[in-house]
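Colleague: Structure supplied as work-v6.cif; contents: mmCIF, C-alpha atoms.
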data_query
loop_
_atom_site.label_atom_id
_atom_site.label_comp_id
_atom_site.auth_asym_id
_atom_site.auth_seq_id
_atom_site.Cartn_x
_atom_site.Cartn_y
_atom_site.Cartn_z
CA MET A 1 89.22 123.47 115.52
CA MET A 2 88.97 120.06 117.24
CA GLY A 3 86.16 121.43 119.41
CA GLY A 4 84.26 122.49 116.30
CA MET A 5 84.61 119.04 114.87
CA ALA A 6 83.42 117.45 118.09
CA SER A 7 80.30 119.59 117.94
CA GLU A 8 79.50 118.14 114.53
CA GLU A 9 79.92 114.51 115.53
CA THR A 10 76.29 113.80 116.32
CA ARG A 11 75.14 115.25 113.00
CA THR A 12 77.78 113.31 111.08
CA LEU A 13 77.15 109.99 112.77
CA LYS A 14 73.36 110.24 112.52
CA SER A 15 73.42 111.05 108.82
CA THR A 16 71.96 108.20 106.75
CA THR A 17 71.45 107.74 103.09
CA ASN A 18 68.80 106.08 100.95
CA VAL A 19 69.96 102.84 99.37
CA SER A 20 69.19 104.11 95.91
CA SER A 21 70.89 107.46 96.45
CA SER A 22 74.23 108.31 94.93
CA ALA A 23 75.94 108.49 98.34
CA ALA A 24 74.66 105.17 99.60
CA SER A 25 78.09 103.70 100.17
CA ASP A 26 79.21 106.58 102.34
CA THR A 27 77.24 105.81 105.48
CA PRO A 28 79.48 106.27 108.53
CA ALA A 29 80.67 103.00 109.96
CA PRO A 30 80.13 103.32 113.71
CA THR A 31 76.76 101.91 114.63
CA GLY A 32 76.91 101.26 118.36
CA GLY A 33 75.75 103.42 121.26
CA GLY A 34 76.10 107.18 121.36
CA PRO A 35 79.20 107.37 123.62
CA THR A 36 80.93 104.63 121.64
CA ARG A 37 80.21 106.36 118.37
CA ALA A 38 81.48 109.70 119.69
CA TRP A 39 84.67 108.07 121.02
CA THR A 40 85.25 106.28 117.73
CA THR A 41 84.80 109.48 115.74
CA ARG A 42 87.24 111.37 117.94
CA LEU A 43 89.74 108.55 117.64
CA LEU A 44 89.30 108.52 113.87
CA VAL A 45 89.96 112.27 113.66
CA VAL A 46 93.14 111.82 115.74
CA GLY A 47 94.19 108.92 113.53
CA ILE A 48 93.64 110.92 110.34
CA VAL A 49 95.67 113.86 111.69
CA LEU A 50 98.57 111.68 112.87
CA ALA A 51 98.61 109.71 109.63
CA ALA A 52 98.65 112.91 107.58
CA LEU A 53 101.54 114.29 109.64
CA ASN A 54 103.62 111.30 108.51
CA LEU A 55 102.94 111.39 104.77
CA ARG A 56 105.80 113.74 103.82
CA PRO A 57 108.61 113.89 106.45
CA ALA A 58 110.31 110.91 104.78
CA ILE A 59 110.72 113.15 101.71
CA THR A 60 111.30 116.67 103.05
CA SER A 61 113.72 115.55 105.76
CA LEU A 62 115.83 114.04 102.99
CA GLY A 63 115.56 117.23 100.93
CA ALA A 64 116.96 119.27 103.82
CA LEU A 65 119.97 116.91 104.14
CA LEU A 66 120.37 115.92 100.50
CA GLU A 67 123.90 117.33 100.19
CA GLU A 68 125.06 115.47 103.32
CA VAL A 69 123.41 112.24 102.15
CA ARG A 70 125.03 112.60 98.70
CA ASP A 71 128.46 113.09 100.26
CA GLY A 72 127.95 110.31 102.78
CA LEU A 73 126.82 107.76 100.19
CA GLY A 74 128.96 109.03 97.30
CA MET A 75 126.06 109.92 94.99
CA SER A 76 126.35 111.84 91.74
CA GLY A 77 123.82 114.50 90.77
CA SER A 78 122.03 112.07 88.46
CA VAL A 79 121.75 109.42 91.18
CA ALA A 80 120.45 112.06 93.58
CA GLY A 81 117.87 112.95 90.94
CA LEU A 82 116.89 109.28 90.83
CA LEU A 83 116.52 109.35 94.60
CA THR A 84 114.10 112.27 94.39
CA SER A 85 112.11 110.33 91.77
CA VAL A 86 111.63 107.32 94.04
CA PRO A 87 108.62 108.79 95.92
CA PRO A 88 106.33 109.18 92.89
CA LEU A 89 107.49 105.82 91.53
CA CYS A 90 106.55 104.06 94.77
CA PHE A 91 103.28 105.97 95.00
CA ALA A 92 102.36 104.86 91.48
CA LEU A 93 103.34 101.22 91.98
CA PHE A 94 101.91 100.66 95.43
CA GLY A 95 99.03 103.14 95.44
CA VAL A 96 97.13 101.13 92.84
CA MET A 97 97.02 98.21 95.30
CA ALA A 98 95.23 100.22 97.99
CA PRO A 99 91.56 99.76 96.89
CA ARG A 100 91.96 95.98 96.59
CA LEU A 101 93.68 95.77 99.97
CA ALA A 102 90.96 97.96 101.50
CA ARG A 103 88.22 95.68 100.16
CA ARG A 104 90.02 92.65 101.58
CA PHE A 105 91.12 93.94 104.99
CA GLY A 106 89.28 97.25 105.50
CA PRO A 107 90.65 100.78 105.04
CA ALA A 108 91.61 101.20 108.71
CA ALA A 109 93.71 98.03 108.72
CA VAL A 110 95.53 99.05 105.54
CA VAL A 111 96.32 102.53 106.86
CA CYS A 112 97.52 100.96 110.12
CA ALA A 113 99.86 98.69 108.16
CA GLY A 114 100.99 101.74 106.17
CA MET A 115 102.02 103.54 109.35
CA VAL A 116 103.99 100.45 110.46
CA LEU A 117 105.82 100.38 107.12
CA ILE A 118 106.66 104.10 107.39
CA THR A 119 108.07 103.54 110.88
CA ALA A 120 110.21 100.61 109.77
CA GLY A 121 111.46 102.28 106.60
CA LEU A 122 112.47 105.52 108.33
CA LEU A 123 114.22 103.61 111.07
CA ILE A 124 116.35 101.35 108.88
CA ARG A 125 117.14 103.39 105.77
CA PRO A 126 120.00 105.49 107.22
CA TYR A 127 121.73 102.43 108.67
CA ILE A 128 121.13 99.64 106.15
CA GLY A 129 124.27 100.61 104.22
CA GLY A 130 125.08 102.01 100.77
CA THR A 131 122.95 103.72 98.16
CA ALA A 132 121.02 100.54 97.32
CA GLY A 133 120.14 99.93 100.96
CA PHE A 134 119.08 103.54 101.37
CA LEU A 135 116.76 103.18 98.38
CA VAL A 136 115.27 99.97 99.80
CA GLY A 137 114.56 101.58 103.17
CA SER A 138 113.06 104.62 101.44
CA ALA A 139 110.87 102.38 99.28
CA LEU A 140 109.56 100.60 102.38
CA ALA A 141 108.48 103.87 103.97
CA LEU A 142 107.07 105.15 100.69
CA MET A 143 105.02 101.97 100.26
CA GLY A 144 103.22 102.81 103.50
CA ILE A 145 102.75 106.41 102.40
CA ALA A 146 101.37 105.28 99.02
CA VAL A 147 98.49 103.19 100.35
CA SER A 148 97.63 105.81 102.96
CA ASN A 149 97.66 108.54 100.30
CA VAL A 150 95.03 106.72 98.28
CA LEU A 151 92.80 105.69 101.18
CA MET A 152 92.59 109.02 103.01
CA PRO A 153 89.98 110.50 100.59
CA VAL A 154 88.08 107.19 100.82
CA ILE A 155 88.05 107.28 104.62
CA VAL A 156 86.92 110.90 104.64
CA LYS A 157 84.15 110.19 102.12
CA ARG A 158 82.85 107.14 104.00
CA TRP A 159 82.99 108.35 107.58
CA PHE A 160 82.30 112.06 107.02
CA PRO A 161 80.09 112.25 103.89
CA ASP A 162 78.59 115.60 104.88
CA ARG A 163 81.94 117.16 105.84
CA VAL A 164 84.20 116.26 102.92
CA GLY A 165 85.53 119.81 102.59
CA SER A 166 86.34 120.40 106.26
CA MET A 167 87.81 116.95 106.87
CA THR A 168 89.87 117.07 103.68
CA GLY A 169 91.05 120.49 104.81
CA LEU A 170 92.04 119.15 108.24
CA TYR A 171 93.88 116.21 106.69
CA SER A 172 95.63 118.43 104.14
CA MET A 173 96.56 120.96 106.81
CA ALA A 174 98.13 118.24 108.97
CA LEU A 175 99.97 116.91 105.92
CA ALA A 176 101.35 120.38 105.19
CA LEU A 177 102.33 120.83 108.84
CA GLY A 178 104.27 117.55 108.83
CA THR A 179 105.93 118.52 105.57
CA ALA A 180 106.97 121.94 106.84
CA SER A 181 108.11 120.67 110.22
CA ALA A 182 110.43 118.11 108.67
CA ALA A 183 111.93 120.75 106.38
CA ALA A 184 112.39 123.28 109.19
CA VAL A 185 113.75 121.24 112.07
CA THR A 186 115.69 118.40 110.40
CA VAL A 187 118.94 120.40 110.09
CA PRO A 188 118.95 121.89 113.64
CA MET A 189 117.78 118.56 115.07
CA THR A 190 120.62 116.81 113.24
CA GLU A 191 123.09 119.25 114.77
CA ALA A 192 121.58 118.68 118.22
CA LEU A 193 122.00 114.92 117.77
CA GLY A 194 125.70 115.24 117.06
CA GLY A 195 125.74 116.25 113.41
CA SER A 196 125.07 112.81 111.94
CA TRP A 197 122.66 112.90 109.01
CA ARG A 198 121.73 109.31 109.80
CA SER A 199 120.33 110.28 113.20
CA GLY A 200 118.63 113.33 111.71
CA LEU A 201 116.70 111.13 109.27
CA ALA A 202 115.99 108.21 111.61
CA VAL A 203 114.43 110.34 114.35
CA TRP A 204 111.27 110.83 112.26
CA ALA A 205 110.41 107.17 112.84
CA ALA A 206 109.19 108.19 116.32
CA LEU A 207 106.40 110.32 114.85
CA ALA A 208 105.36 107.47 112.57
CA ALA A 209 105.29 105.05 115.51
CA ALA A 210 102.90 107.37 117.36
CA ALA A 211 100.54 107.28 114.38
CA VAL A 212 100.25 103.49 114.57
CA LEU A 213 98.47 103.56 117.94
CA PRO A 214 95.04 105.05 117.08
CA TRP A 215 94.76 102.89 113.96
CA ILE A 216 95.46 99.75 116.01
CA ALA A 217 92.59 100.75 118.28
CA LEU A 218 90.29 101.37 115.32
CA VAL A 219 91.14 98.01 113.78
CA ARG A 220 90.61 96.23 117.11
CA HIS A 221 87.16 97.76 117.38
CA ARG A 222 86.39 96.64 113.82
CA GLU A 223 85.02 99.98 112.70
CA ALA A 224 85.77 99.61 108.99
CA PRO A 225 82.61 99.63 106.83
CA SER A 226 83.60 96.37 105.13
CA GLU A 227 83.88 94.67 108.53
CA GLN A 228 80.50 96.03 109.60
CA HIS A 229 79.11 94.57 106.41
CA SER A 230 80.72 91.20 107.10
CA ARG A 231 79.17 91.07 110.56
CA ALA A 232 75.80 92.02 109.16
CA ARG A 233 75.91 89.17 106.67
CA GLU A 234 76.55 86.74 109.53
CA GLY A 235 73.15 87.55 111.10
CA VAL A 236 70.42 84.93 111.28
CA ASP A 237 68.53 84.35 108.03
CA GLY A 238 70.46 87.13 106.34
CA ARG A 239 69.10 89.80 108.69
CA SER A 240 71.43 92.37 110.19
CA ALA A 241 73.34 91.26 113.25
CA PRO A 242 72.54 93.11 116.50
CA GLY A 243 74.01 96.59 116.60
CA THR A 244 74.38 96.86 112.83
CA SER A 245 72.56 99.56 110.88
CA THR A 246 70.06 98.12 108.40
CA VAL A 247 70.47 101.15 106.18
CA ALA A 248 74.26 100.78 106.21
CA THR A 249 74.00 97.08 105.45
CA ARG A 250 71.62 97.56 102.53
CA ALA A 251 73.75 100.41 101.22
CA ARG A 252 76.86 98.28 101.33
CA GLU A 253 75.04 95.37 99.62
CA ALA A 254 73.83 97.72 96.89
CA GLU A 255 77.37 98.97 96.35
CA HIS A 256 78.81 95.47 96.10
CA ALA A 257 76.10 94.54 93.60
CA GLN A 258 77.10 97.37 91.26
CA PRO A 259 79.67 96.71 88.52
CA ARG A 260 83.02 98.41 88.82
CA LEU A 261 83.36 101.66 86.92
CA ARG A 262 85.28 101.73 83.68
CA ILE A 263 87.17 104.69 85.00
CA THR A 264 89.32 105.08 81.89
CA ARG A 265 86.22 106.11 79.93
CA SER A 266 85.92 109.28 81.97
CA ARG A 267 87.57 112.40 80.57
CA THR A 268 87.34 114.00 83.99
CA ALA A 269 89.26 111.09 85.51
CA TRP A 270 92.05 111.51 82.94
CA ALA A 271 92.13 115.29 83.43
CA LEU A 272 92.32 114.84 87.19
CA ALA A 273 95.08 112.24 86.84
CA VAL A 274 97.21 114.53 84.65
CA PHE A 275 96.56 117.49 86.96
CA PHE A 276 97.56 115.35 89.92
CA GLY A 277 100.70 114.23 88.10
CA LEU A 278 101.84 117.72 87.15
CA GLN A 279 101.23 119.18 90.60
CA ALA A 280 103.08 116.20 92.10
CA THR A 281 105.98 116.88 89.71
CA ALA A 282 106.22 120.45 90.98
CA ALA A 283 105.88 119.36 94.60
CA TYR A 284 108.60 116.71 94.49
CA ILE A 285 110.98 118.92 92.57
CA THR A 286 110.39 121.56 95.24
CA MET A 287 110.83 119.17 98.15
CA GLY A 288 113.85 117.48 96.65
CA TRP A 289 115.74 120.39 95.09
CA MET A 290 114.58 123.79 96.33
CA ALA A 291 116.84 123.83 99.40
CA GLN A 292 119.79 122.99 97.14
CA ILE A 293 118.86 125.81 94.75
CA PHE A 294 119.05 128.29 97.60
CA ARG A 295 122.28 126.79 98.94
CA ASP A 296 123.91 127.07 95.52
CA ALA A 297 122.81 130.72 95.45
CA GLY A 298 124.82 131.39 98.60
CA VAL A 299 122.20 130.79 101.27
CA SER A 300 123.32 128.85 104.36
CA ALA A 301 122.09 125.29 104.93
CA GLY A 302 119.97 126.26 107.93
CA THR A 303 118.34 129.19 106.13
CA ALA A 304 117.73 127.06 103.04
CA GLY A 305 115.92 124.55 105.24
CA LEU A 306 113.82 127.36 106.71
CA LEU A 307 112.97 128.61 103.21
CA LEU A 308 111.80 125.14 102.25
CA ALA A 309 109.81 125.06 105.48
CA VAL A 310 108.15 128.37 104.57
CA THR A 311 107.14 126.88 101.22
CA MET A 312 105.66 123.86 102.95
CA VAL A 313 104.05 125.74 105.84
CA MET A 314 102.00 127.87 103.46
CA GLY A 315 99.93 124.74 102.99
CA VAL A 316 98.92 124.65 106.66
CA PRO A 317 96.28 127.43 106.56
CA LEU A 318 95.59 127.22 102.83
CA ALA A 319 95.12 123.45 102.86
CA PHE A 320 92.27 123.97 105.30
CA VAL A 321 90.73 126.93 103.48
CA ILE A 322 91.02 125.81 99.84
CA PRO A 323 89.01 122.56 100.16
CA ARG A 324 86.21 124.37 101.99
CA VAL A 325 86.07 127.04 99.29
CA ALA A 326 86.31 124.44 96.51
CA THR A 327 83.32 122.46 97.78
CA ARG A 328 81.21 125.62 97.65
CA LEU A 329 82.01 126.29 93.98
CA PRO A 330 80.44 124.39 91.07
CA ARG A 331 83.75 124.72 89.18
CA GLN A 332 87.23 124.77 90.67
CA GLY A 333 88.95 126.25 87.60
CA PRO A 334 89.41 129.74 89.09
CA ILE A 335 91.32 128.28 92.04
CA VAL A 336 93.51 126.28 89.66
CA ILE A 337 94.38 129.43 87.70
CA ALA A 338 95.16 131.47 90.82
CA LEU A 339 97.54 128.81 92.15
CA GLY A 340 99.23 128.47 88.75
CA VAL A 341 99.88 132.21 88.47
CA CYS A 342 101.56 132.16 91.89
CA GLY A 343 103.76 129.29 90.71
CA LEU A 344 104.83 131.11 87.55
CA ALA A 345 105.70 134.23 89.56
CA GLY A 346 107.71 132.16 92.06
CA TYR A 347 109.72 130.41 89.34
CA ALA A 348 110.41 133.73 87.60
CA GLY A 349 111.79 135.15 90.84
CA LEU A 350 113.82 132.00 91.52
CA TYR A 351 115.38 132.36 88.07
CA LEU A 352 116.12 136.10 88.25
CA ALA A 353 117.13 136.62 91.90
CA PRO A 354 117.16 133.37 93.88
CA ALA A 355 118.86 134.80 96.96
CA GLY A 356 117.68 138.42 96.81
CA GLY A 357 113.96 137.65 96.97
CA ALA A 358 114.23 134.18 98.48
CA TRP A 359 111.48 134.61 101.08
CA ALA A 360 109.00 135.96 98.54
CA TRP A 361 109.67 133.11 96.12
CA ALA A 362 109.29 130.59 98.92
CA VAL A 363 105.87 132.03 99.79
CA LEU A 364 104.66 132.09 96.18
CA LEU A 365 105.77 128.53 95.51
CA GLY A 366 104.16 127.46 98.77
CA VAL A 367 100.83 128.87 97.61
CA SER A 368 101.24 127.14 94.25
CA ASN A 369 101.90 123.78 95.95
CA CYS A 370 98.43 123.95 97.48
CA ALA A 371 97.21 122.36 94.25
CA PHE A 372 97.60 119.08 96.18
CA PRO A 373 94.72 119.58 98.66
CA LEU A 374 92.66 120.96 95.78
CA ALA A 375 93.29 117.77 93.81
CA LEU A 376 92.27 115.63 96.79
CA THR A 377 89.09 117.65 97.20
CA MET A 378 88.21 117.24 93.54
CA VAL A 379 88.67 113.47 93.91
CA GLY A 380 85.92 113.50 96.53
CA MET A 381 83.71 115.79 94.44
CA ARG A 382 84.05 114.12 91.04
CA ALA A 383 82.55 110.80 92.24
CA ARG A 384 79.21 110.19 93.92
CA THR A 385 79.83 106.94 95.81
CA GLY A 386 82.49 105.56 98.12
CA ALA A 387 83.39 102.92 95.54
CA GLY A 388 83.68 105.62 92.89
CA VAL A 389 85.95 107.71 95.11
CA ALA A 390 88.16 104.68 95.79
CA GLN A 391 88.54 103.93 92.08
CA LEU A 392 89.05 107.56 91.11
CA SER A 393 91.55 108.12 93.93
CA ALA A 394 93.59 105.06 92.96
CA PHE A 395 93.48 105.89 89.25
CA ALA A 396 94.24 109.61 89.61
CA GLN A 397 97.04 109.13 92.13
CA SER A 398 98.69 106.09 90.55
CA THR A 399 98.53 107.53 87.04
CA GLY A 400 99.51 110.95 88.32
CA TYR A 401 102.54 109.70 90.19
CA LEU A 402 103.66 107.78 87.11
CA ILE A 403 103.49 111.05 85.18
CA SER A 404 105.55 112.81 87.86
CA ILE A 405 108.43 110.30 87.95
CA PRO A 406 110.62 111.87 85.20
CA GLY A 407 110.43 115.42 86.59
CA PRO A 408 112.80 115.27 89.60
CA LEU A 409 115.17 112.97 87.71
CA LEU A 410 115.26 115.31 84.71
CA VAL A 411 115.99 118.26 86.99
CA GLY A 412 118.99 116.40 88.42
CA VAL A 413 120.30 115.56 84.95
CA LEU A 414 119.84 119.12 83.67
CA TYR A 415 121.51 120.52 86.77
CA GLN A 416 124.53 118.25 86.46
CA HIS A 417 125.07 118.75 82.73
CA SER A 418 124.27 122.47 82.51
CA GLY A 419 126.12 123.41 85.67
CA GLY A 420 123.36 125.72 86.87
CA TRP A 421 119.68 126.06 87.69
CA GLY A 422 118.48 128.05 84.66
CA LEU A 423 117.26 125.09 82.59
CA PRO A 424 115.70 123.20 85.53
CA ILE A 425 113.74 126.29 86.61
CA ALA A 426 112.61 126.88 83.03
CA LEU A 427 111.34 123.29 82.96
CA MET A 428 109.40 123.81 86.19
CA ALA A 429 107.77 126.97 84.87
CA GLY A 430 106.92 125.35 81.53
CA LEU A 431 105.08 122.49 83.22
CA MET A 432 102.84 124.93 85.05
CA ILE A 433 100.97 125.84 81.84
CA PRO A 434 99.54 122.37 81.08
CA GLN A 435 98.87 121.92 84.80
CA MET A 436 96.56 124.93 84.71
CA ALA A 437 94.84 123.71 81.53
CA VAL A 438 94.01 120.20 82.76
CA GLY A 439 93.12 121.54 86.20
CA VAL A 440 90.37 123.65 84.65
CA LEU A 441 89.03 120.55 82.86
CA ALA A 442 89.16 118.47 86.04
CA GLY A 443 87.29 121.19 87.92
CA ARG A 444 84.15 121.01 85.78
CA ASN A 445 80.91 120.11 87.57
CA ARG A 446 80.45 116.44 86.59
CA THR A 447 81.01 112.95 87.98
CA VAL A 448 83.00 109.99 86.70
CA GLU A 449 79.99 107.68 87.13
CA ASP A 450 78.01 109.66 84.56
CA GLU A 451 80.91 109.83 82.12
CA ALA A 452 81.78 106.14 82.49
CA ALA A 453 78.14 105.20 81.89
CA ARG A 454 78.03 107.19 78.66
#
Using the file provided, produce a representation of the structure as structure tokens.

Modeller:
Amino acid sequence: MMGGMASEETRTLKSTTNVSSSAASDTPAPTGGGPTRAWTTRLLVVGIVLAALNLRPAITSLGALLEEVRDGLGMSGSVAGLLTSVPPLCFALFGVMAPRLARRFGPAAVVCAGMVLITAGLLIRPYIGGTAGFLVGSALALMGIAVSNVLMPVIVKRWFPDRVGSMTGLYSMALALGTASAAAVTVPMTEALGGSWRSGLAVWAALAAAAVLPWIALVRHREAPSEQHSRAREGVDGRSAPGTSTVATRAREAEHAQPRLRITRSRTAWALAVFFGLQATAAYITMGWMAQIFRDAGVSAGTAGLLLAVTMVMGVPLAFVIPRVATRLPRQGPIVIALGVCGLAGYAGLYLAPAGGAWAWAVLLGVSNCAFPLALTMVGMRARTGAGVAQLSAFAQSTGYLISIPGPLLVGVLYQHSGGWGLPIALMAGLMIPQMAVGVLAGRNRTVEDEAAR
């Protein structure tokens, strides 16, 4: 796969756009010599993959050890439900800051800072003490995840404008792999480290630390488009500085001259935000509670972690395939419907025979959770320019994560007060219907720029 991407580097980096075209702001940033550009592109691909690997272990590693964390910190079911609602809350609060930070410091610098925050949060949260300290450490890591979540579609759109589907697929596949790995190996790794849940959670900071390195190199080489633009503006008499692409400079100037979109005027933006929120609700309920559902049905802790890993690992191949298929279709509604049907079947099985057909339900729910890479792909497709993608990504993700906050918390409350999983599973299945409806609307062939203009 990496070899295939390397073979496309020359085509990607040579692609230019007319200043008046809709994709003007998406010109790739590297503008130096051929070897330098190829090295930078390879480094960027490595950075994207490593960053994506770190965007979910903070959540799924906790899901695998939720019972041990609850016992160790003395949490009730409702407080544990609050804990599983912290990720979407942080994503909503901090994700909206990402476009402004990217304009100020450059996307690469913000993602680099995000990886540093993830490393610090994962390292300190098991040891900071008490439930409040655990929440603070989690929020620190989730802050880094939030800004990186929003900027990944922006980075893909700007650096790889002619490979949005394949690069989104690679990023989504790495994200799913990190999610599944954390779910699968956290319990056995905890046992290998002496049985302490604190060590089992903290060890994931090492993976986050590795992701910092390529982004430091990218920031040091000043490859962010905004920094290229700044250097160009420092040229004599307003001309481009040596080594800066005139087309890229003019494109960036044209983008900065355009007024910001009134994104809230776009029906597609709202549909995509609600779709994102409902799929995030399902995903965080799954990551936070599915292992516990299986454990309460009589499945061992290790097997429950493997079942959660199966659900997550389904996204590895499908997260690469679905974006590529989606970009070839004028409408993504059929994919939305197919994923929703799998989700409904999985919830029905989880309700009727949670232990008997556990592996089948894990697979079906894993397929359904691939609505996430589809949503990311639609973010890139529903806007024409890099600025439009940045605004749409921030709006859809921040609004969507706000929508998803009550879901995991409500599941915890229903579970504690009903004494079983019937009502929570019914809630999950019921939310799948509106998710399918708004997903079809978000998948229509139109752009937010056109709708905002009208």

Colleague: With the PyMOL selection byres ((chain A and resi 386) around 7) as the selection, what would be picked from this file? Answer as a VMD selection string, please.

Modeller: chain A and resid 25 to 26 154 157 to 158 385 387 to 390

Colleague: Do a neighbour search on Arg125 in chain A at 7 Å with only C-alpha atoms, toss out local chain neighbours closer than 2 positions, and write the hits as a list in words.

Modeller: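 Here the qualifying residues turn out to be Gly121, Leu122, Leu123, Tyr127, Ile128, Gly133, Phe134, Gly137 and Ser138 of chain A.
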
Colleague: Determine the residue membership of the PyMOL selection byres ((chain A and resi 57-69) around 9) for the file above and supply it as a VMD selection string.

Modeller: chain A and resid 53 to 56 70 to 75 80 84 87 118 121 to 122 138 141 to 142 178 to 187 197 to 198 200 to 201 204 to 205 284 286 to 292 301 to 302 304 to 305 308 to 309

Colleague: Can you list what the PyMOL selection byres ((chain A and resi 358) around 12) grabs from this structure, as a short mmCIF file (atom, residue, chain, number, x, y, z; two decimals) with C-alpha atoms, keeping the file's coordinate frame?

Modeller:
data_model
loop_
_atom_site.label_atom_id
_atom_site.label_comp_id
_atom_site.auth_asym_id
_atom_site.auth_seq_id
_atom_site.Cartn_x
_atom_site.Cartn_y
_atom_site.Cartn_z
CA MET A 290 114.58 123.79 96.33
CA ALA A 291 116.84 123.83 99.40
CA ILE A 293 118.86 125.81 94.75
CA PHE A 294 119.05 128.29 97.60
CA ARG A 295 122.28 126.79 98.94
CA ALA A 297 122.81 130.72 95.45
CA GLY A 298 124.82 131.39 98.60
CA VAL A 299 122.20 130.79 101.27
CA THR A 303 118.34 129.19 106.13
CA ALA A 304 117.73 127.06 103.04
CA GLY A 305 115.92 124.55 105.24
CA LEU A 306 113.82 127.36 106.71
CA LEU A 307 112.97 128.61 103.21
CA LEU A 308 111.80 125.14 102.25
CA VAL A 310 108.15 128.37 104.57
CA THR A 311 107.14 126.88 101.22
CA GLY A 346 107.71 132.16 92.06
CA TYR A 347 109.72 130.41 89.34
CA ALA A 348 110.41 133.73 87.60
CA GLY A 349 111.79 135.15 90.84
CA LEU A 350 113.82 132.00 91.52
CA TYR A 351 115.38 132.36 88.07
CA LEU A 352 116.12 136.10 88.25
CA ALA A 353 117.13 136.62 91.90
CA PRO A 354 117.16 133.37 93.88
CA ALA A 355 118.86 134.80 96.96
CA GLY A 356 117.68 138.42 96.81
CA GLY A 357 113.96 137.65 96.97
CA TRP A 359 111.48 134.61 101.08
CA ALA A 360 109.00 135.96 98.54
CA TRP A 361 109.67 133.11 96.12
CA ALA A 362 109.29 130.59 98.92
CA VAL A 363 105.87 132.03 99.79
CA LEU A 364 104.66 132.09 96.18
CA LEU A 365 105.77 128.53 95.51
#

Colleague: Looking at only C-alpha atoms, which of A:Leu135, A:Val96, A:Leu423, A:Ala51 is the one that sits closest to Phe395 in chain A?

Modeller: A:Val96

Colleague: Using only C-alpha atoms, tabulate the residues of range 290-400 of chain A lying at most 8 Å from any atom of range 165-170 of chain A, each with its closest atom pair and that distance in Å to one decimal, by chain and increasing residue number, as JSON lines.

Modeller:
{"residue": "A:Ala319", "atom": "CA", "partner": "A:Gly169", "partner_atom": "CA", "distance": 5.4}
{"residue": "A:Phe320", "atom": "CA", "partner": "A:Gly169", "partner_atom": "CA", "distance": 3.7}
{"residue": "A:Val321", "atom": "CA", "partner": "A:Gly169", "partner_atom": "CA", "distance": 6.6}
{"residue": "A:Ile322", "atom": "CA", "partner": "A:Gly169", "partner_atom": "CA", "distance": 7.3}
{"residue": "A:Pro323", "atom": "CA", "partner": "A:Gly165", "partner_atom": "CA", "distance": 5.1}
{"residue": "A:Arg324", "atom": "CA", "partner": "A:Gly165", "partner_atom": "CA", "distance": 4.6}
{"residue": "A:Val325", "atom": "CA", "partner": "A:Gly165", "partner_atom": "CA", "distance": 8.0}
{"residue": "A:Ala326", "atom": "CA", "partner": "A:Gly165", "partner_atom": "CA", "distance": 7.7}
{"residue": "A:Thr327", "atom": "CA", "partner": "A:Gly165", "partner_atom": "CA", "distance": 5.9}
{"residue": "A:Pro373", "atom": "CA", "partner": "A:Gly169", "partner_atom": "CA", "distance": 7.2}
{"residue": "A:Leu376", "atom": "CA", "partner": "A:Thr168", "partner_atom": "CA", "distance": 7.4}
{"residue": "A:Thr377", "atom": "CA", "partner": "A:Thr168", "partner_atom": "CA", "distance": 6.6}

Colleague: How many Å lie between CA of Asp162 in chain A and CA of Thr41 in chain A, rounded to one decimal?

Modeller: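 Going from CA of Asp162 in chain A over to CA of Thr41 in chain A covers 13.9 Å.
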
Colleague: Range 411-419 of chain A: which residues within 9 Å, counting only C-alpha atoms, same-chain residues fewer than 3 positions away excluded, as a list in words?

Modeller: Ser76, Gly77, Ser78, Val79, Ala80, Gly81, Leu82, Thr84, Ile285, Trp289, Pro406, Gly407, Pro408, Gly422, Leu423, Pro424, Ile425, Leu427 and Met428 of chain A

Colleague: Take the selection from the previous step and output its residues with C-alpha atoms, as an mmCIF file, in the frame of the given file.

Modeller:
data_model
loop_
_atom_site.group_PDB
_atom_site.id
_atom_site.type_symbol
_atom_site.label_atom_id
_atom_site.label_comp_id
_atom_site.auth_asym_id
_atom_site.auth_seq_id
_atom_site.Cartn_x
_atom_site.Cartn_y
_atom_site.Cartn_z
ATOM 1 C CA SER A 76 126.350 111.840 91.740
ATOM 2 C CA GLY A 77 123.820 114.500 90.770
ATOM 3 C CA SER A 78 122.030 112.070 88.460
ATOM 4 C CA VAL A 79 121.750 109.420 91.180
ATOM 5 C CA ALA A 80 120.450 112.060 93.580
ATOM 6 C CA GLY A 81 117.870 112.950 90.940
ATOM 7 C CA LEU A 82 116.890 109.280 90.830
ATOM 8 C CA THR A 84 114.100 112.270 94.390
ATOM 9 C CA ILE A 285 110.980 118.920 92.570
ATOM 10 C CA TRP A 289 115.740 120.390 95.090
ATOM 11 C CA PRO A 406 110.620 111.870 85.200
ATOM 12 C CA GLY A 407 110.430 115.420 86.590
ATOM 13 C CA PRO A 408 112.800 115.270 89.600
ATOM 14 C CA GLY A 422 118.480 128.050 84.660
ATOM 15 C CA LEU A 423 117.260 125.090 82.590
ATOM 16 C CA PRO A 424 115.700 123.200 85.530
ATOM 17 C CA ILE A 425 113.740 126.290 86.610
ATOM 18 C CA LEU A 427 111.340 123.290 82.960
ATOM 19 C CA MET A 428 109.400 123.810 86.190
#

Colleague: Residues within 12 Å of (92.2, 98.7, 108.7), file coordinates, counting all atoms listed in the file: what are they? Give the list as number ranges by chain.

Modeller: A: 44, 47, 98-99, 101-115, 147-148, 151-152, 155, 212, 214-227
